[in-house]
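Heads up: the structure comes next, in C-alpha cells.
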Number of protein chains: 2
Amino acid sequence: MAAIPELPRSVAAIAAQHLEREIIEGRLNPGARLAEEEWAEKFGISRGSFREVLRILETARLVEIIPRRGAHVALLNRRDVEEIYILRKHLFELAYIYGTANMTDEHLKVFRAIVADMERVAARGDVVEFSALSQKFDDMVLDVADIMRLRMVVEFLGKQTIRYRYVGFKIPGRIERSLAAHRVILDAFAARDGERAGAVVYEMIEWAGKSILASVFGDKAEEQEVEPDGRTRRRDRRET
Amino acid sequence: MAAIPELPRSVAAIAAQHLEREIIEGRLNPGARLAEEEWAEKFGISRGSFREVLRILETARLVEIIPRRGAHVALLNRRDVEEIYILRKHLFELAYIYGTANMTDEHLKVFRAIVADMERVAARGDVVEFSALSQKFDDMVLDVADIMRLRMVVEFLGKQTIRYRYVGFKIPGRIERSLAAHRVILDAFAARDGERAGAVVYEMIEWAGKSILASVFGDKAEEQEVEPDGRTRRRDRRET
DNA sequence: TAACAATTAATTGTTGACAATTATACAAGG
DNA sequence: CCTTGTATAATTGTCAACAATTAATTGTTA
C-alpha cells in the first residue's frame, strides 16, 4: 500500500492556518489591525502572499477587509453571537440525528469512552480538558453523521465563536449540566433514538449560547464592537 | 439623508464576482482549468490579483486549487449533490419557520403578489421566469427570517448547484407541484403556521433534489466527475 | 487653543519579473 | 504498440518595486 504523497502547500495556505489559529483562539482581539507589511514579515512571506491569506480568511469571515483601508480581525456583536448559536443548535441537532442513524456498536463504545473520560476530568474540575473532550465528542458525531458539508458549515460558524467557548465552560454548573446531557445522549444513541439525542444537544447549545451572551455581552452592554483603543466602530453590513 | 458612499472595490473582488457568475451559471464546466495567466489577461488584471480571486472562490468551494498544479472549476459528484440537498431542505425549513414568526401583513401581501405572478407565468409555461420567481420567493423568506448567516450558508450551498436548478424546473410536473406548494405556503403564512410552511418547503426541496439527481446523474452513472476532454479525475477529499 | 489647510509619512493596490515545478513532446528501447 | 527517459515548453510560486490612496503631522490663522 503506497503512502499518500504529501502535497506541498503554498506559503499562503500555511500562513492562513496559523493566522486562523491566532484569531479563533483569541490571541488576536476582534478589531485588531492586520497591516500587510507587518504581518507578511512576521510570517516571513511577501505581501502578495499575505494578501492571499487575507482573502482566504475574509471568505471564512474571520477577517474583514475594507478597500483601501486594510484588514482587521472580524468583529462580533451581540446579534452575531445570537445568530451563530441559533444556527449551531439546529445544525447540531441535525448532526446528532443523522449521526444516530449511522451509529454502530463500535461507534457507541468510543462515545462511552469519551464520556467516561469526561466524568474523570469533571471530578477534578479540569475545565480545559472537559471542554476539549466535549468538542471531541461533537467532532466524532459529525464524523458518524458523514455529511461533509454539515461539518464545513458547523466549523465555519464555530470558528467565529471558539474564543468564547472556553468562558462558557467556566460558568458555574455548566460542566455538571453538560455531563448529565452527555449521559442522556449516550442512552439515546444506544436506543438509536436520534430525535432524543438531537433534542438534548439542542437544549444544551441553546443554554450555552445564552450563558455566553450573558457573560460576554452582559445583558445591557449592547455594542461590544470596540477597537482595542476603545474607539467605537460602525460597521456597514452590506448584503453579499 | 446623505447617500451611502460607494466603496471602491479591488480588482480582485470585481473579477471574483464575474468569475463566480461564469461558474455558478454553468458557462464554465466543472473541471475546467483556470490557468492564471490566461484568465488574468481575460480580466485585464495581473496574475497576482487573479490569484487572490482564486483564493476567494476556493473558500467558497467553487474552485479547487491543487498545489503546483493549478486551479479548476470545482467538481460535484452524486454524493455532493445529495449532501447539498439534505442540508438545503433542513435549512430552508428553518428559514420558513423563522420567516413565518416574523411575518407581517405587509410581507404577506408581497408574497401573495409573487405567487400571483407565478400563476401567470406558469399558465404560459415560462420555465425560466417561473424559476426566477421561485428564487425570489425564497430570497424574500430569508429576508424576513432575518438571520444573516442562514442566508450566507444557504447561498454557499446553493451556488454549487445553481447550474442544475434550471434543469430541475424542466422536469414534467415540477412547475405544477411547485405552484401548489406555494399556495399552501401562503395559507400557512397567513395562519402564522411556520411548522406547516417549513414542512411543505422541506418536501418540495427533497423532491427537487431527487429529481435533479435522477436527471443529472441518472440512477446508474455513479461518477459524473469528468474533465471536459473526457478523462476521469480522481479527487482527494482531505479534511479541512 | 481649536479649526483648518498643506505637507509628509505610511499603507494598500497592482504589476512585471525571476525561480521552481510540472506537463508535454519526442526519441529510444523492450 | 507500449513503456521509459530526456529535453523543452508551459505554468505556478514567490517576490520586490512602483503607483495610488489614506492617515498622520505640522503649520497657520482666528
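Residue names in the C-alpha cells use chain letters A, B, ... in the order shown, residue numbers from 1 in each chain, and ligand numbers from 1 in the order shown.
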
> Could you pull the residues within 12 Å of A:Ile14, counting only C-alpha atoms (C1' of nucleotides), minus those fewer than 5 positions along the same chain, as an NGL selection string?
Replying inline: (:A and (8-9 or 19-21 or 43-45 or 49-50 or 52-53 or 56)) or (:B and (67))

Compile the residues of chain B that lie within 8 Å of chain A, evaluated using only C-alpha atoms, and express the compilation as a PDB file with C-alpha atoms, in the first residue's frame.
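File produced: iface.pdb:
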```
ATOM      1  CA  LEU B   7     -16.910  51.883  -1.641  1.00  0.00           C
ATOM      2  CA  PRO B   8     -14.260  51.259  -4.222  1.00  0.00           C
ATOM      3  CA  ARG B   9     -13.683  47.586  -4.774  1.00  0.00           C
ATOM      4  CA  SER B  10     -10.419  45.955  -5.585  1.00  0.00           C
ATOM      5  CA  GLY B  48      -1.132  38.284  -8.583  1.00  0.00           C
ATOM      6  CA  ARG B  51      -4.533  34.524  -7.507  1.00  0.00           C
ATOM      7  CA  GLU B  52      -6.497  36.483  -4.909  1.00  0.00           C
ATOM      8  CA  ARG B  55      -8.367  32.081  -3.099  1.00  0.00           C
ATOM      9  CA  ILE B  56     -11.759  33.714  -2.678  1.00  0.00           C
ATOM     10  CA  THR B  59     -13.001  29.102   0.117  1.00  0.00           C
ATOM     11  CA  ALA B  60     -16.463  29.349  -1.440  1.00  0.00           C
ATOM     12  CA  PRO B  67      -0.728  22.983  -5.209  1.00  0.00           C
ATOM     13  CA  ARG B  68       1.664  23.418  -8.103  1.00  0.00           C
ATOM     14  CA  GLU B  83     -25.396  16.374   0.710  1.00  0.00           C
ATOM     15  CA  ILE B  84     -26.262  19.808  -0.575  1.00  0.00           C
ATOM     16  CA  LEU B  87     -28.819  20.485   4.018  1.00  0.00           C
ATOM     17  CA  ILE B 147     -30.730  35.554  10.134  1.00  0.00           C
ATOM     18  CA  MET B 148     -27.872  36.806   8.025  1.00  0.00           C
ATOM     19  CA  ARG B 149     -25.726  33.744   8.455  1.00  0.00           C
ATOM     20  CA  LEU B 150     -28.562  31.449   7.472  1.00  0.00           C
ATOM     21  CA  VAL B 153     -24.924  29.285   4.413  1.00  0.00           C
TER      22      VAL B 153
END
```

> Hey, what's within 7 Å of stretch 125-139 of chain A if we count only C-alpha atoms (C1' of nucleotides) and toss same-chain stuff fewer than 4 positions away? As an NGL selection string, please?
Replying inline: :A and (111 or 114 or 118 or 121 or 143 or 166 or 169-170)

Residues from last step as file, N, CA and C atoms, as a compact mmCIF listing (two decimals), in the first residue's frame:
```txt
# COMPACT_ATOMS: atom_id res chain seq x y z
N PHE A 111 -17.88 6.50 22.01
CA PHE A 111 -18.59 7.59 22.68
C PHE A 111 -18.64 7.36 24.20
N ILE A 114 -15.38 8.29 25.73
CA ILE A 114 -15.19 9.75 25.86
C ILE A 114 -15.92 10.28 27.08
N MET A 118 -14.79 12.18 30.42
CA MET A 118 -15.40 13.42 30.89
C MET A 118 -15.71 13.35 32.38
N VAL A 121 -12.36 13.89 34.31
CA VAL A 121 -11.82 15.25 34.38
C VAL A 121 -12.80 16.19 35.07
N ASP A 143 -18.44 13.14 12.40
CA ASP A 143 -17.82 12.07 11.61
C ASP A 143 -18.84 11.01 11.25
N TYR A 166 -14.60 28.71 25.68
CA TYR A 166 -13.94 28.39 26.92
C TYR A 166 -14.58 29.12 28.11
N PHE A 169 -17.58 27.39 29.47
CA PHE A 169 -17.44 26.24 30.37
C PHE A 169 -17.05 26.65 31.79
N LYS A 170 -16.68 27.91 31.95
CA LYS A 170 -16.32 28.35 33.29
C LYS A 170 -17.54 28.78 34.10
```

> Taking the backbone alone, and naming residues the way the document does, which bits of chain B are helix (DSSP H, G or I) by DSSP, as a ChimeraX atom specification?
Replying inline: /B:11-24,36-43,47-59,78-101,105-123,127-145,148-159,162-169,174-190,194-217

Chain B residues near chain D within 8 Å, closest pair each, using only C-alpha atoms (C1' of nucleotides), as a tab-separated table:
```
residue	atom	partner	partner_atom	distance
B:Ala35	CA	D:DT11	C1'	7.7
B:Arg68	CA	D:DT12	C1'	5.4
B:Arg69	CA	D:DT12	C1'	7.0
B:Gly70	CA	D:DT12	C1'	6.7
```
